[in-house]
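**Q** Dumping the structure here so I can ask a few things about it.
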Amino acid sequence: MFGYRVPAPDQAMLISGGRRGQGGAPFRVVTGHGKFVLPVFRKVRFLTLAMCEAEVAEKCVTRQGIALTVRAVIAFKVGNDTESIVNAGQRFLSDQDQMSVLTGRIFAGHLRSIIGSMTVEEIVTERQKLATEVLETSKTEMAKIGLIVDSLQIQSIDDGDTGYIEAMSAPHKAAIQRQAQIAQAKATQASVEAQQEAARNQAEYSRQTAVVQAEYSAEVDRAQAHAAQAGPLAQANAQREVLAAQTELAERRAQLRQQELVAEVVKPAEAEAERIKLLALAEAERMKIQAEAAASYDRVALDRMLIDQLPQIVKEASAGLANANVNILNGTDGLGEVAAGLVGQGLTILDSVRRNLGSPDDRNTKTDKNGAAASGGTQGHSGRVEIE
């Protein structure tokens with residue numbers, strides 16, 4: 001649109017003519033938006049707000065009187081506020097390159113002033129402190145001309161041919177060299193130890209390999225020896241098994257022959273002996289039976305003879321009583337008891353004779369029985385007989 005002007009993002013548009021700007025400035029400041037400007041009646045100029053750079057290479061003298069060449073870089077720009085833009089516009093609008101020149105000169109003066117109050121050691125070891133002090137002292141002057149400093153970097157410090165900085169760094173260099181030598185020595189020692197360890201490991205590996213190979217060789221030799229002995233051992237085992245089988249067969253044959261001999265000789269002999277024994281026992285039994293039969297016949301004949309003689313024995317006994325003085329105490333019963341006693345004595349005598357004629361066992365048995373009977377015959381009655 002005709003007469004409408006818009007500044008760039010890093011520019012400030014200064015409009016002169018017409019009304020005055022803020023604070024009695026001869027122009028109005030427009031940033032960030034456009035504005036309609038009447039042609040012919042208004043004049044428009046643009047002031048950069050971009051970052052600018054100024055370099056300083058100044059020869060300064062320290063508090064110790066040692067000359068140093070200090071190189072620094074300053075990054076600055078016009079402030080964003082209206083006051084800073086007005087101050088910068090009034091000073092640099094016609095020649096904006098002068099901002100870098102003037103900034104460099106201002107910082108060069110402050111560098112000389114501050115370095116003059118410091119020693120070389122402080123300047124070298126405390127560069128940030130130097131930069132901070134320079135910024136603080138120059139801040140007021142830079143604000144007056146509408147500029148602000150973003151950063152100050154000390155690039156280099158050179159003492160020329162005096163060699164002071166080099167001499168100052170000598171102990172540090174020596175310490176560094178010493179540390180480097182120590183580190184190198186440690187590295188060498190570590191390398192040697194690593195090599196020795198590697199050699200030991202290699203030797204150990206070789207030893208283990210030799211041991212394994214020896215064990216393998218011994219195992220192979222044992223296997224070969226075992227294989228060489230396997231044939232004879234197998235043959236010997238086979239022969240031993242054959243001998244064992246033959247021995248067992250011989251033993252079985254001997255057992256069979258023994259069984260045959262037992263069946264052929266012993267068993268018949270035992271059978272014959274048993275037969276003879278049985279015949280002898282039968283014959284003995286027959287003879288015993290015959291003897292018992294003969295003895296029984298004799299006893300029967302004797303018994304008959306004794307029975308036949310019993311009346312005579314009783315008669316003789318009664319004859320002996322004829323001249324005896326017999327007192328019968330209980331009458332007829334007493335007389336019967338006397339007669340019974342006489343008969344009992346006769347039977348006892350008969351049994352005694354029979355026993356004497358018979359076997360000893362029969363005599364003992366009959367004696368016990370007849371004795372008991374005789375005793376009972378004389379003492380078992382309640383009647384009383386007295387013979388004088």
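Order determines the names: the first chain of the structure tokens is A, the second B, and so forth; residues in each chain are numbered 1 upward, and ligands are numbered 1 upward as they are shown.
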Show which residues sit within 12 Å of range 150-153 of chain A, as a PyMOL selection string. Count only C-alpha atoms, and ignore same-chain residues fewer than 2 positions away.

**A** chain A and resi 50-56+70-79+103-104+107-108+111+127-136+138-139+142+147-148+155-157

**Q** As a compact mmCIF listing (two decimals) with N, CA and C atoms, in the first residue's frame, which residues of range 51-219 of chain A does DSSP assign to alpha helix (DSSP H)?

**A**
```txt
# COMPACT_ATOMS: atom_id res chain seq x y z
N THR A 82 12.86 1.54 23.98
CA THR A 82 12.78 2.76 23.14
C THR A 82 13.90 3.73 23.47
N GLU A 83 14.24 3.82 24.76
CA GLU A 83 15.30 4.75 25.14
C GLU A 83 16.63 4.37 24.51
N SER A 84 16.98 3.08 24.53
CA SER A 84 18.23 2.65 23.93
C SER A 84 18.22 2.87 22.43
N ILE A 85 17.07 2.63 21.80
CA ILE A 85 16.98 2.84 20.35
C ILE A 85 17.15 4.33 20.00
N VAL A 86 16.54 5.17 20.81
CA VAL A 86 16.67 6.62 20.57
C VAL A 86 18.12 7.06 20.73
N ASN A 87 18.80 6.60 21.82
CA ASN A 87 20.20 6.98 22.06
C ASN A 87 21.10 6.49 20.93
N ALA A 88 20.88 5.23 20.50
CA ALA A 88 21.72 4.69 19.43
C ALA A 88 21.40 5.36 18.10
N GLY A 89 20.11 5.66 17.89
CA GLY A 89 19.74 6.29 16.62
C GLY A 89 20.34 7.67 16.49
N GLN A 90 20.37 8.42 17.56
CA GLN A 90 20.93 9.76 17.50
C GLN A 90 22.44 9.74 17.28
N ARG A 91 23.13 8.67 17.66
CA ARG A 91 24.59 8.63 17.55
C ARG A 91 25.09 7.87 16.31
N PHE A 92 24.35 6.79 15.91
CA PHE A 92 24.90 5.93 14.86
C PHE A 92 23.98 5.75 13.66
N GLN A 98 30.03 2.60 13.00
CA GLN A 98 30.78 3.22 14.07
C GLN A 98 30.49 2.60 15.43
N MET A 99 29.40 1.83 15.51
CA MET A 99 29.08 1.19 16.79
C MET A 99 30.20 0.21 17.18
N SER A 100 30.72 -0.54 16.24
CA SER A 100 31.79 -1.50 16.52
C SER A 100 33.08 -0.80 16.89
N VAL A 101 33.37 0.31 16.15
CA VAL A 101 34.63 1.02 16.41
C VAL A 101 34.60 1.64 17.80
N LEU A 102 33.51 2.31 18.11
CA LEU A 102 33.40 2.96 19.41
C LEU A 102 33.38 1.93 20.55
N THR A 103 32.70 0.83 20.35
CA THR A 103 32.65 -0.22 21.38
C THR A 103 34.05 -0.78 21.64
N GLY A 104 34.82 -1.00 20.57
CA GLY A 104 36.18 -1.50 20.74
C GLY A 104 37.05 -0.54 21.52
N ARG A 105 36.94 0.71 21.24
CA ARG A 105 37.74 1.69 21.95
C ARG A 105 37.35 1.76 23.43
N ILE A 106 36.04 1.72 23.68
CA ILE A 106 35.61 1.78 25.09
C ILE A 106 36.18 0.59 25.86
N PHE A 107 36.10 -0.60 25.31
CA PHE A 107 36.59 -1.79 26.00
C PHE A 107 38.10 -1.81 26.08
N ALA A 108 38.79 -1.26 25.11
CA ALA A 108 40.25 -1.19 25.18
C ALA A 108 40.68 -0.35 26.37
N GLY A 109 39.98 0.79 26.57
CA GLY A 109 40.33 1.63 27.72
C GLY A 109 40.09 0.92 29.03
N HIS A 110 38.97 0.25 29.15
CA HIS A 110 38.68 -0.48 30.39
C HIS A 110 39.65 -1.65 30.61
N LEU A 111 40.06 -2.33 29.53
CA LEU A 111 41.04 -3.41 29.66
C LEU A 111 42.35 -2.89 30.22
N ARG A 112 42.84 -1.76 29.70
CA ARG A 112 44.10 -1.20 30.18
C ARG A 112 43.99 -0.84 31.66
N SER A 113 42.84 -0.27 32.03
CA SER A 113 42.67 0.15 33.42
C SER A 113 42.64 -1.04 34.38
N ILE A 114 41.89 -2.07 34.00
CA ILE A 114 41.74 -3.23 34.92
C ILE A 114 43.01 -4.07 34.94
N ILE A 115 43.64 -4.32 33.79
CA ILE A 115 44.87 -5.12 33.75
C ILE A 115 45.98 -4.43 34.52
N VAL A 120 50.27 -10.74 36.44
CA VAL A 120 50.22 -11.66 35.29
C VAL A 120 49.56 -12.97 35.70
N GLU A 121 49.91 -13.45 36.90
CA GLU A 121 49.34 -14.71 37.37
C GLU A 121 47.82 -14.62 37.48
N GLU A 122 47.32 -13.47 37.99
CA GLU A 122 45.87 -13.31 38.10
C GLU A 122 45.21 -13.24 36.73
N ILE A 123 45.87 -12.50 35.82
CA ILE A 123 45.29 -12.37 34.49
C ILE A 123 45.23 -13.72 33.78
N VAL A 124 46.31 -14.51 33.93
CA VAL A 124 46.36 -15.79 33.22
C VAL A 124 45.40 -16.80 33.83
N THR A 125 45.37 -16.83 35.16
CA THR A 125 44.58 -17.87 35.83
C THR A 125 43.13 -17.47 36.07
N ARG A 127 40.87 -15.43 34.00
CA ARG A 127 40.39 -14.66 32.82
C ARG A 127 38.92 -14.29 32.96
N GLN A 128 38.15 -15.14 33.56
CA GLN A 128 36.73 -14.83 33.70
C GLN A 128 36.52 -13.66 34.65
N LYS A 129 37.34 -13.59 35.67
CA LYS A 129 37.26 -12.44 36.56
C LYS A 129 37.59 -11.15 35.82
N LEU A 130 38.61 -11.18 34.96
CA LEU A 130 38.97 -10.00 34.16
C LEU A 130 37.83 -9.58 33.26
N ALA A 131 37.20 -10.55 32.56
CA ALA A 131 36.09 -10.23 31.65
C ALA A 131 34.91 -9.65 32.42
N THR A 132 34.62 -10.20 33.59
CA THR A 132 33.48 -9.71 34.37
C THR A 132 33.71 -8.27 34.83
N GLU A 133 34.91 -7.98 35.29
CA GLU A 133 35.20 -6.62 35.73
C GLU A 133 35.13 -5.62 34.57
N VAL A 134 35.61 -6.01 33.40
CA VAL A 134 35.53 -5.11 32.23
C VAL A 134 34.08 -4.84 31.87
N LEU A 135 33.25 -5.88 31.91
CA LEU A 135 31.83 -5.69 31.58
C LEU A 135 31.15 -4.77 32.58
N GLU A 136 31.45 -4.97 33.86
CA GLU A 136 30.80 -4.15 34.88
C GLU A 136 31.18 -2.68 34.76
N THR A 137 32.44 -2.41 34.47
CA THR A 137 32.88 -1.00 34.38
C THR A 137 32.41 -0.32 33.11
N SER A 138 32.16 -1.12 32.05
CA SER A 138 31.76 -0.51 30.77
C SER A 138 30.25 -0.46 30.59
N LYS A 139 29.51 -1.09 31.50
CA LYS A 139 28.07 -1.16 31.32
C LYS A 139 27.43 0.23 31.28
N THR A 140 27.85 1.16 32.13
CA THR A 140 27.22 2.49 32.18
C THR A 140 27.47 3.27 30.89
N GLU A 141 28.71 3.24 30.43
CA GLU A 141 29.04 3.96 29.20
C GLU A 141 28.31 3.38 28.01
N MET A 142 28.20 2.04 27.95
CA MET A 142 27.51 1.43 26.81
C MET A 142 26.02 1.77 26.84
N ALA A 143 25.43 1.88 28.04
CA ALA A 143 24.01 2.22 28.12
C ALA A 143 23.74 3.63 27.64
N LYS A 144 24.70 4.52 27.87
CA LYS A 144 24.51 5.90 27.42
C LYS A 144 24.41 6.00 25.91
N TYR A 164 57.87 -14.28 30.42
CA TYR A 164 57.39 -14.39 31.81
C TYR A 164 56.34 -15.50 31.93
N ILE A 165 55.41 -15.47 31.02
CA ILE A 165 54.34 -16.48 31.09
C ILE A 165 54.91 -17.89 30.90
N GLU A 166 55.90 -17.98 30.00
CA GLU A 166 56.51 -19.28 29.80
C GLU A 166 57.26 -19.75 31.05
N ALA A 167 58.00 -18.77 31.68
CA ALA A 167 58.70 -19.11 32.91
C ALA A 167 57.72 -19.47 34.02
N MET A 168 56.61 -18.75 34.03
CA MET A 168 55.60 -19.03 35.04
C MET A 168 54.99 -20.43 34.85
N SER A 169 54.93 -20.82 33.62
CA SER A 169 54.34 -22.14 33.36
C SER A 169 55.35 -23.28 33.45
N ALA A 170 56.67 -22.90 33.64
CA ALA A 170 57.70 -23.95 33.68
C ALA A 170 57.45 -24.98 34.79
N PRO A 171 57.19 -24.53 36.05
CA PRO A 171 56.93 -25.55 37.09
C PRO A 171 55.75 -26.45 36.75
N HIS A 172 54.75 -25.80 36.19
CA HIS A 172 53.59 -26.60 35.81
C HIS A 172 53.95 -27.57 34.68
N LYS A 173 54.77 -27.05 33.75
CA LYS A 173 55.20 -27.94 32.68
C LYS A 173 56.03 -29.09 33.22
N ALA A 174 56.93 -28.73 34.19
CA ALA A 174 57.75 -29.78 34.79
C ALA A 174 56.88 -30.80 35.52
N ALA A 175 55.89 -30.26 36.27
CA ALA A 175 55.01 -31.18 36.98
C ALA A 175 54.22 -32.04 36.01
N ILE A 176 53.80 -31.37 34.94
CA ILE A 176 53.05 -32.13 33.94
C ILE A 176 53.93 -33.18 33.28
N GLN A 177 55.19 -32.74 32.97
CA GLN A 177 56.13 -33.70 32.37
C GLN A 177 56.42 -34.85 33.33
N ARG A 178 56.58 -34.47 34.63
CA ARG A 178 56.83 -35.51 35.61
C ARG A 178 55.64 -36.47 35.71
N GLN A 179 54.46 -35.89 35.74
CA GLN A 179 53.29 -36.74 35.77
C GLN A 179 53.18 -37.59 34.51
N ALA A 180 53.58 -36.93 33.39
CA ALA A 180 53.55 -37.69 32.14
C ALA A 180 54.56 -38.83 32.17
N GLN A 181 55.76 -38.55 32.73
CA GLN A 181 56.77 -39.60 32.83
C GLN A 181 56.31 -40.71 33.77
N ILE A 182 55.70 -40.29 34.89
CA ILE A 182 55.18 -41.29 35.83
C ILE A 182 54.10 -42.14 35.17
N ALA A 183 53.24 -41.41 34.46
CA ALA A 183 52.19 -42.14 33.76
C ALA A 183 52.77 -43.08 32.71
N GLN A 184 53.83 -42.54 32.00
CA GLN A 184 54.48 -43.39 31.01
C GLN A 184 55.15 -44.60 31.66
N ALA A 185 55.81 -44.34 32.83
CA ALA A 185 56.45 -45.45 33.53
C ALA A 185 55.41 -46.47 34.00
N LYS A 186 54.30 -45.96 34.53
CA LYS A 186 53.24 -46.88 34.96
C LYS A 186 52.69 -47.65 33.77
N ALA A 187 52.53 -46.91 32.66
CA ALA A 187 52.03 -47.59 31.47
C ALA A 187 53.01 -48.66 31.00
N THR A 188 54.33 -48.29 31.05
CA THR A 188 55.35 -49.27 30.65
C THR A 188 55.34 -50.47 31.59
N GLN A 189 55.27 -50.18 32.92
CA GLN A 189 55.22 -51.26 33.89
C GLN A 189 54.00 -52.14 33.67
N ALA A 190 52.87 -51.48 33.45
CA ALA A 190 51.65 -52.25 33.19
C ALA A 190 51.79 -53.09 31.93
N SER A 191 52.46 -52.47 30.92
CA SER A 191 52.67 -53.22 29.67
C SER A 191 53.56 -54.43 29.91
N VAL A 192 54.66 -54.20 30.69
CA VAL A 192 55.58 -55.30 30.98
C VAL A 192 54.86 -56.38 31.79
N GLU A 193 54.10 -55.94 32.80
CA GLU A 193 53.36 -56.92 33.59
C GLU A 193 52.36 -57.68 32.74
N ALA A 194 51.72 -56.94 31.82
CA ALA A 194 50.78 -57.61 30.93
C ALA A 194 51.50 -58.62 30.04
N GLN A 195 52.70 -58.22 29.56
CA GLN A 195 53.47 -59.15 28.74
C GLN A 195 53.89 -60.37 29.55
N GLN A 196 54.34 -60.13 30.81
CA GLN A 196 54.73 -61.24 31.66
C GLN A 196 53.53 -62.15 31.96
N GLU A 197 52.42 -61.50 32.24
CA GLU A 197 51.22 -62.29 32.49
C GLU A 197 50.83 -63.10 31.27
N ALA A 198 50.95 -62.45 30.11
CA ALA A 198 50.65 -63.17 28.87
C ALA A 198 51.62 -64.33 28.67
N ALA A 199 52.92 -64.08 28.99
CA ALA A 199 53.91 -65.15 28.86
C ALA A 199 53.59 -66.29 29.84
N ARG A 200 53.22 -65.92 31.09
CA ARG A 200 52.85 -66.95 32.07
C ARG A 200 51.63 -67.74 31.59
N ASN A 201 50.66 -67.00 31.08
CA ASN A 201 49.47 -67.68 30.58
C ASN A 201 49.82 -68.61 29.42
N GLN A 202 50.70 -68.12 28.55
CA GLN A 202 51.12 -68.95 27.43
C GLN A 202 51.85 -70.20 27.91
N ALA A 203 52.75 -70.00 28.92
CA ALA A 203 53.47 -71.14 29.48
C ALA A 203 52.52 -72.12 30.15
N GLU A 204 51.56 -71.57 30.91
CA GLU A 204 50.58 -72.43 31.56
C GLU A 204 49.75 -73.18 30.52
N TYR A 205 49.38 -72.47 29.48
CA TYR A 205 48.61 -73.12 28.42
C TYR A 205 49.43 -74.22 27.75
N SER A 206 50.73 -73.92 27.52
CA SER A 206 51.61 -74.94 26.92
C SER A 206 51.75 -76.14 27.85
N ARG A 207 51.89 -75.85 29.18
CA ARG A 207 52.01 -76.95 30.12
C ARG A 207 50.74 -77.80 30.14
N GLN A 208 49.60 -77.14 30.20
CA GLN A 208 48.35 -77.88 30.19
C GLN A 208 48.19 -78.68 28.91
N THR A 209 48.61 -78.06 27.79
CA THR A 209 48.53 -78.78 26.52
C THR A 209 49.43 -80.00 26.53
N ALA A 210 50.65 -79.84 27.07
CA ALA A 210 51.58 -80.98 27.15
C ALA A 210 51.01 -82.07 28.06
N VAL A 211 50.43 -81.66 29.18
CA VAL A 211 49.83 -82.64 30.10
C VAL A 211 48.70 -83.40 29.42
N VAL A 212 47.85 -82.64 28.73
CA VAL A 212 46.73 -83.28 28.04
C VAL A 212 47.24 -84.23 26.96
N GLN A 213 48.26 -83.79 26.22
CA GLN A 213 48.81 -84.65 25.19
C GLN A 213 49.43 -85.90 25.80
N ALA A 214 50.16 -85.74 26.93
CA ALA A 214 50.76 -86.90 27.59
C ALA A 214 49.67 -87.86 28.07
N GLU A 215 48.61 -87.28 28.69
CA GLU A 215 47.52 -88.13 29.15
C GLU A 215 46.85 -88.84 27.97
N TYR A 216 46.69 -88.12 26.89
CA TYR A 216 46.09 -88.73 25.70
C TYR A 216 46.97 -89.85 25.17
N SER A 217 48.30 -89.59 25.12
CA SER A 217 49.23 -90.62 24.65
C SER A 217 49.20 -91.84 25.57
N ALA A 218 49.18 -91.59 26.91
CA ALA A 218 49.11 -92.69 27.85
C ALA A 218 47.81 -93.48 27.67
N GLU A 219 46.73 -92.78 27.45
CA GLU A 219 45.45 -93.44 27.23
C GLU A 219 45.49 -94.29 25.96
```

**Q** With a distance cut-off of 8 Å and only C-alpha atoms, select the neighbouring residues of Phe46 in chain A, excluding the residue or stretch itself and same-chain residues fewer than 6 positions from it, and output the selection as a ChimeraX atom specification.

**A** /A:7,11-14,93

**Q** Please measure the separation of CA of Ala67 in chain A and CA of Met118 in chain A, giving the value in Å to one decimal.

**A** 11.9 Å

**Q** Would you list the contacts of range 42-44 of chain A as an MDAnalysis selection string, taking every protein, DNA or RNA residue within 6 Å and counting only C-alpha atoms, but skipping same-chain residues closer than 6 positions in sequence?

**A** chainID A and resid 14:17

**Q** Got a sec to tell me which of range 111-260 of chain A DSSP assigns to strand (DSSP E), as a PyMOL selection string?

**A** chain A and resi 147-158

**Q** If I take CA of Phe41 in chain A and CA of Val29 in chain A, how far is one from the other in Å, to one decimal?

**A**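 That distance, rounded to one decimal, is 16.6 Å.
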
**Q** I'd like the interatomic distance between CA of Phe27 in chain A and CA of Tyr4 in chain A, to a tenth of an Å.

**A**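 A separation of 16.9 Å between them.
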